[in-house]
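Some notes on the structure that comes next.
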Amino acid sequence: MSNLNGKISVVTGASRGLGRRIAVRLGLEGATVALLARGHAGLAETQQELAAKGARTLIVPVDLGKPESVERGKSLIERDLGVPSILVNAAGIFGPLDLIRHSDPSAWIETLQINTIGPFLTCRAFVGGMIDAGWGRIVNVTSAAALHLPGPANSAYGTSKAALNQFTRHLASELKDTGVTANVIHPGDVKTDMWADIKTASEHLGSSADSYIKWANWVEETGGDDPEKAADLVADLMSDNAATINGQFLWIKDGLQSPIPSWGEPAKTQPWRK
């Protein structure tokens with residue numbers, strides 16, 4: 001375990017699922033945890049679980065797609081807890097599972113607001129304090145879907161996660177030699193509420209979503225990955241041994257899905273960089 005005593009962490013999507021598991025793990029390792037999500041009820045349940053384990057927490061209801069809401073959340077956290085040095089963006093939605101020609105524009109845009117714009121806003125809000133302190137860890141939860149070959153019906157989610165990956169790489173390049181790191185993780189194929197939503201939506205869509213029907217059935221048959229493995233990976237990234245891991249796409253240990261090549265250095269140096 002990492003010793004996170006004295007560290008202040010921010011976890012989005014902390015009201016349920018992976019976000020809750022990660023928040024609890026950080027609290028168990030000594031961090032004070034600011035719990036962010038839109039709804040208060042789920043956050044209160046997470047807070048109760050952490051309180052029973054002796055962890056200090058703060059509930060911060062936030063609409064992650066709105067800059068003013070994130071700024072209010074930042075002010076509240078810094079006033080009541082101090083300056084965070086850990087940020088985990090676990091909030092996310094799958095969005096509309098539909099062909100582009102039939103998709104709902106508002107639902108499509110909302111997917112990018114929560115999955116991509118939200119992490120941008122929270123990273124922008126908290127990274128400066130980490131740089132000033134000379135230590136920080138940013139972990140953005142992505143998906144292997146961003147690395148799969150594009151297919152029908154999943155344009156919103158796939159685009160949002162591909163954009164999140166590239167944003168994190170840009171952020172990581174700015175953090176070189178600051179003591180702060182930024183990475184993305186694939187949390188595994190987990191049987192969460194999002195999995196249930198995908199299963200229902202794909203069954204209604206029919207043949208256009210055949211690959212998602214097969215994926216949902218596969219997760220159900222296997223039981224899915226243990227969500228604690230994602231919490232393990234996040235905890236590992238808090239350690240001093242992870243100080244040089246920056247701008248990477250990271251996988252849980254022994255996941256059901258084998259790691260897919262993500263990115264590396266360009267094969268050739270661009271002409272203008274020579």
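The chains in the structure tokens are called A, B, ... from first to last as shown; in each chain the residues are counted from 1, and the ligands are counted from 1 in the order shown.
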
Practice task
Name all residues at most 12 Å from Ala145 in chain A (count only C-alpha atoms; drop same-chain ones fewer than 3 positions away) and give them as a ChimeraX atom specification.
Solution key: /A:94,141-142,148-151,154-165,185-189,211-212,215,257,259-260,262

Exercise for the section: Name the residues of range 23-224 of chain A that come out as alpha helix (DSSP H) in a backbone DSSP run; write them as a PyMOL selection string. Expected result: chain A and resi 23-28+40-52+67-80+105-112+118-133+155-174+193-205+210-222

Practice task
Report the distance between CA of Gly19 in chain A and CA of Thr46 in chain A in Å, rounded to one decimal place.
Solution key: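 Taking CA of Gly19 in chain A as the start and CA of Thr46 in chain A as the end point, the length is 9.5 Å.
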
For the contact check between range 83-105 of chain A and range 220-237 of chain A, emit one row per residue of range 83-105 of chain A within 12 Å, containing the shortest atom pair and the distance in Å rounded to one decimal, counting only C-alpha atoms, chain then rising number order, as CSV.
```
residue,atom,partner,partner_atom,distance
A:Ile86,CA,A:Leu237,CA,10.3
A:Leu87,CA,A:Val234,CA,10.4
A:Val88,CA,A:Val234,CA,8.3
A:Asn89,CA,A:Val234,CA,11.0
A:Ala90,CA,A:Ala230,CA,10.5
```

Writing out the chosen residues with C-alpha atoms as a PDB file, in the first residue's frame:
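Everything below was put into out-v4.pdb:
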```pdb
ATOM      1  CA  ILE A  86      -4.409  13.475  -6.498  1.00  0.00           C
ATOM      2  CA  LEU A  87      -7.150  13.586  -9.138  1.00  0.00           C
ATOM      3  CA  VAL A  88      -8.997  10.553 -10.494  1.00  0.00           C
ATOM      4  CA  ASN A  89     -11.578  11.191 -13.205  1.00  0.00           C
ATOM      5  CA  ALA A  90     -13.812   8.132 -12.989  1.00  0.00           C
TER       6      ALA A  90
END
```

Exercise for the section: Enumerate, as a PyMOL selection string, the complete set of residues in range 29-265 of chain A that a backbone-based DSSP assignment places in strand (DSSP E or B). Expected result: chain A and resi 32-37+57-61+86-89+136-141+180-186+249-251

Completion exercise
One residue among A:Val139, A:Val24, A:Leu97, A:Val219 is nearest to His204 in chain A when using only C-alpha atoms, and that residue is A:Leu97

Exercise for the section: Could you check which of A:Asp210, A:Asp193, A:Asp240, A:Asp80 is closest to Ile93 in chain A, using only C-alpha atoms? Expected result: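 Residue with the minimum atom-to-atom distance to Ile93 in chain A: A:Asp193.
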
Handout entry: Shortest interatomic distance to Leu256 in chain A - which of A:Val190, A:Ile8, A:Ala216, A:Ala133, counting only C-alpha atoms
Key =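 With only C-alpha atoms as the atom set, the closest residue is A:Val190.
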
Exercise for the section: One decimal, Å: what's the distance from CA of Leu99 in chain A over to CA of Glu203 in chain A, could you say? Expected result: 14.1 Å
